Amino acid sequence: MTWQLTQASKQSENQHSLQRLIRAIALSTNQFALILVRCNYEQLRTSMLEHLRFLTKDINLREIFIQPSTTALHTTIISELFLDNPTVATDSLPSAVMISGLESVIDLEDLLTNINQARDIYAASLPFPLVLWLQDEVATSLSRLAPDFKSWAATTIKFEMAAYDLITLVQQETEFIFAKVLEAGAEKFLSNADLDLALHTQHRREIESARNDLQRLYNITLEAELEASLEFVLGRDEYTDDQIGDALIHYQKSLAFWKEAGGVG
């Protein structure tokens, strides 16, 4: 199957998922419902949200991007939407609220544990669907730490990238980081913060997800040169986090892939 066909097929699947999401929101008008959406990539999420906004212009769809310091989801929703204002709570309720950014929360385990413990307050105080956009890692944590809360949700809606786009993502992210490293010079090791790579955790999560999705969805293994670049980037991250042993493992894998690609004698 050609790249063009796989891209068209995945685009069609994502449009179907978008329609499922719109129907799920419509079926839960004026009542609490939990809708879970799996999407590992910021670029794809941005694109799907743009489509969603266009298709739901006639409803009051609100979006909240959770900050890393967030400790209580329910309190954040109430504050962001001014639901503690009686006028808002009776006359200006949203048709649905979408939550993004959970992957960036510093103390995610505590946040999810608190969500599970306070699950009943959501149904009692939020008379609208709550849509959580989750990356795989966060979805796994939600299942483990907030199973009672998660039980309110129906089948998770998924958005996925085509194989060509996943390979492009890995190439772009690794090339960007390599360019930063080369620009800084080789005199000494510079941290990701020094190289202005403050979002390295998000980058790392996405390129690892891309490699996993290529294998899981398409049975595609990255070429040796690209694997070498990816392992080098992962090694830098581990070294920056003082995980020296793990960093060495990634660097050794990177070297092995370079040899396989013919880049090292």
# chains A, B, ... in the order shown; residues from 1 in each chain; ligands from 1
$ select_by_dssp --residues "region 70-225 of chain A" --states "strand (DSSP E)" --output "number ranges by chain"
A: 96-100, 129-134, 157-158
$ residues_around --residues "region 258-262 of chain A" --least-positions-apart "3" --cutoff "10 Å" --atoms "only C-alpha atoms" --output "PDB file with C-alpha atoms, in the first residue's frame"
ATOM      1  CA  GLU A 223      15.947   2.883   9.209  1.00  0.00           C
ATOM      2  CA  ALA A 224      19.214   2.401  11.083  1.00  0.00           C
ATOM      3  CA  GLU A 225      20.387   6.003  10.613  1.00  0.00           C
ATOM      4  CA  LEU A 226      17.153   7.407  12.021  1.00  0.00           C
ATOM      5  CA  GLU A 227      17.216   4.913  14.912  1.00  0.00           C
ATOM      6  CA  ALA A 228      20.770   6.081  15.663  1.00  0.00           C
ATOM      7  CA  SER A 229      19.641   9.700  15.801  1.00  0.00           C
ATOM      8  CA  GLN A 252      25.597   2.349  22.855  1.00  0.00           C
ATOM      9  CA  LYS A 253      22.460   1.595  20.842  1.00  0.00           C
ATOM     10  CA  SER A 254      23.012   4.770  18.847  1.00  0.00           C
ATOM     11  CA  LEU A 255      26.586   3.723  18.049  1.00  0.00           C
ATOM     12  CA  GLY A 265      34.005   2.418  10.824  1.00  0.00           C
TER      13      GLY A 265
END
$ closest_residue --among "A:Glu208, A:Glu231, A:Glu137, A:Glu238" --to "Ser104 (chain A)" --atoms "only C-alpha atoms"
A:Glu137
$ residues_around --residues "Gln43 (chain A)" --least-positions-apart "5" --cutoff "10 Å" --atoms "only C-alpha atoms" --output "VMD selection string"
chain A and resid 48 161 169
$ write_last_selection --atoms "all heavy atoms" --output "PDB file, in the first residue's frame"
ATOM      1  N   MET A  48      -6.984  18.411  14.796  1.00  0.00           N
ATOM      2  CA  MET A  48      -8.322  17.901  15.074  1.00  0.00           C
ATOM      3  C   MET A  48      -9.170  18.928  15.828  1.00  0.00           C
ATOM      4  O   MET A  48     -10.374  19.042  15.594  1.00  0.00           O
ATOM      5  CB  MET A  48      -8.224  16.603  15.888  1.00  0.00           C
ATOM      6  CG  MET A  48      -7.647  15.412  15.116  1.00  0.00           C
ATOM      7  SD  MET A  48      -8.654  14.939  13.669  1.00  0.00           S
ATOM      8  CE  MET A  48      -7.739  15.718  12.330  1.00  0.00           C
ATOM      9  N   MET A 161      -1.782   9.079  13.698  1.00  0.00           N
ATOM     10  CA  MET A 161      -1.087   9.646  12.544  1.00  0.00           C
ATOM     11  C   MET A 161      -0.745   8.564  11.541  1.00  0.00           C
ATOM     12  O   MET A 161      -0.520   7.406  11.899  1.00  0.00           O
ATOM     13  CB  MET A 161       0.193  10.361  12.988  1.00  0.00           C
ATOM     14  CG  MET A 161      -0.060  11.628  13.794  1.00  0.00           C
ATOM     15  SD  MET A 161       1.465  12.474  14.311  1.00  0.00           S
ATOM     16  CE  MET A 161       2.005  13.176  12.754  1.00  0.00           C
ATOM     17  N   LEU A 169       7.858  13.134  11.652  1.00  0.00           N
ATOM     18  CA  LEU A 169       7.938  13.716  12.992  1.00  0.00           C
ATOM     19  C   LEU A 169       9.266  13.344  13.658  1.00  0.00           C
ATOM     20  O   LEU A 169       9.943  14.203  14.235  1.00  0.00           O
ATOM     21  CB  LEU A 169       6.758  13.242  13.841  1.00  0.00           C
ATOM     22  CG  LEU A 169       6.626  13.809  15.256  1.00  0.00           C
ATOM     23  CD1 LEU A 169       5.148  13.902  15.659  1.00  0.00           C
ATOM     24  CD2 LEU A 169       7.355  12.937  16.277  1.00  0.00           C
TER      25      LEU A 169
END
$ select_by_dssp --residues "region 16-244 of chain A" --states "alpha helix (DSSP H)" --output "PyMOL selection string"
chain A and resi 16-27+42-55+73-81+86-91+108-117+119-125+136-145+147-150+163-184+200-218+224-240+244
$ closest_residue --among "A:Thr70, A:Ser47, A:Gln117, A:Gln215" --to "Leu18 (chain A)" --atoms "only C-alpha atoms"
A:Ser47
$ closest_residue --among "A:Asp120, A:Asp110, A:Glu42, A:Asp237" --to "Leu145 (chain A)" --atoms "only C-alpha atoms"
A:Asp110
$ residues_around --residues "Leu44 (chain A)" --least-positions-apart "4" --cutoff "12 Å" --atoms "only C-alpha atoms" --output "list in words"
Lys10, Gln11, Asn14, Gln15, Arg38, Cys39, Asn40, Met48, Leu49, Glu50, His51, Trp133, Gln135, Lys158, Phe159, Glu160, Met161, Ala162, Asp165, Leu166, Leu169 and Glu206 of chain A
$ write_last_selection --atoms "N, CA and C atoms" --output "CSV table (one decimal), in the first residue's frame"
chain,number,residue,atom,x,y,z
A,10,LYS,N,-5.9,6.9,7.0
A,10,LYS,CA,-5.8,7.4,8.4
A,10,LYS,C,-6.6,8.7,8.5
A,11,GLN,N,-6.6,9.6,7.5
A,11,GLN,CA,-7.3,10.8,7.6
A,11,GLN,C,-8.8,10.5,7.7
A,14,ASN,N,-9.6,9.3,11.2
A,14,ASN,CA,-9.6,10.4,12.1
A,14,ASN,C,-10.9,11.3,11.9
A,15,GLN,N,-11.4,11.4,10.7
A,15,GLN,CA,-12.6,12.2,10.5
A,15,GLN,C,-13.8,11.4,11.1
A,38,ARG,N,-7.9,9.7,22.9
A,38,ARG,CA,-6.4,9.3,22.9
A,38,ARG,C,-5.8,10.0,21.7
A,39,CYS,N,-4.7,10.8,22.0
A,39,CYS,CA,-4.0,11.4,20.9
A,39,CYS,C,-2.6,11.7,21.4
A,40,ASN,N,-1.6,11.1,20.8
A,40,ASN,CA,-0.2,11.2,21.3
A,40,ASN,C,0.6,12.4,20.8
A,48,MET,N,-7.0,18.4,14.8
A,48,MET,CA,-8.3,17.9,15.1
A,48,MET,C,-9.2,18.9,15.8
A,49,LEU,N,-8.5,19.7,16.7
A,49,LEU,CA,-9.3,20.7,17.4
A,49,LEU,C,-9.7,21.8,16.5
A,50,GLU,N,-8.9,22.2,15.5
A,50,GLU,CA,-9.3,23.2,14.5
A,50,GLU,C,-10.6,22.7,13.7
A,51,HIS,N,-10.6,21.4,13.3
A,51,HIS,CA,-11.7,20.9,12.6
A,51,HIS,C,-12.9,20.8,13.5
A,133,TRP,N,-8.4,15.0,26.8
A,133,TRP,CA,-7.4,14.6,25.7
A,133,TRP,C,-6.2,14.0,26.4
A,135,GLN,N,-2.6,11.4,26.3
A,135,GLN,CA,-1.6,10.7,25.6
A,135,GLN,C,-1.6,9.3,26.2
A,158,LYS,N,-10.1,7.5,19.4
A,158,LYS,CA,-8.6,7.6,19.1
A,158,LYS,C,-8.4,8.4,17.8
A,159,PHE,N,-7.3,9.2,17.9
A,159,PHE,CA,-6.8,9.9,16.7
A,159,PHE,C,-5.4,9.5,16.5
A,160,GLU,N,-5.0,9.0,15.3
A,160,GLU,CA,-3.7,8.5,15.1
A,160,GLU,C,-3.1,9.1,13.8
A,161,MET,N,-1.8,9.1,13.7
A,161,MET,CA,-1.1,9.6,12.5
A,161,MET,C,-0.7,8.6,11.5
A,162,ALA,N,-0.7,9.0,10.3
A,162,ALA,CA,-0.2,8.0,9.2
A,162,ALA,C,1.2,7.7,9.4
A,165,ASP,N,3.7,10.4,8.2
A,165,ASP,CA,3.8,11.6,9.2
A,165,ASP,C,4.5,11.2,10.4
A,166,LEU,N,4.4,10.0,10.9
A,166,LEU,CA,5.2,9.6,12.1
A,166,LEU,C,6.7,9.6,11.8
A,169,LEU,N,7.9,13.1,11.7
A,169,LEU,CA,7.9,13.7,13.0
A,169,LEU,C,9.3,13.3,13.7
A,206,GLU,N,6.9,12.2,22.4
A,206,GLU,CA,6.3,12.1,21.0
A,206,GLU,C,7.1,11.2,20.1
$ residues_around --residues "Ile220 (chain A)" --least-positions-apart "2" --cutoff "12 Å" --atoms "only C-alpha atoms" --output "PyMOL selection string"
chain A and resi 162-164+166-167+210-218+222-223
$ closest_residue --among "A:Leu234, A:Val105, A:Ala8, A:Ala123" --to "Pro68 (chain A)" --atoms "only C-alpha atoms"
A:Val105
$ residues_around --residues "Phe32 (chain A)" --least-positions-apart "6" --cutoff "10 Å" --atoms "only C-alpha atoms" --output "list in words"
Ala96, Tyr122, Ala123, Ala124, Ser125, Leu126, Pro127, Phe128, Pro129, Leu130 and Trp152 of chain A
$ residues_around --residues "Leu142 (chain A)" --least-positions-apart "5" --cutoff "10 Å" --atoms "only C-alpha atoms" --output "PyMOL selection string"
chain A and resi 108-109+111-113+115-116+134+136-137+147-150
$ atom_distance --atom1 "CA of Arg20 (chain A)" --atom2 "CA of Thr46 (chain A)"
17.5 Å
$ closest_residue --among "A:Asn85, A:Thr6, A:Ser95, A:Thr29" --to "Asp58 (chain A)" --atoms "only C-alpha atoms"
A:Ser95
$ atom_distance --atom1 "CA of Asn60 (chain A)" --atom2 "CA of Val138 (chain A)"
26.7 Å
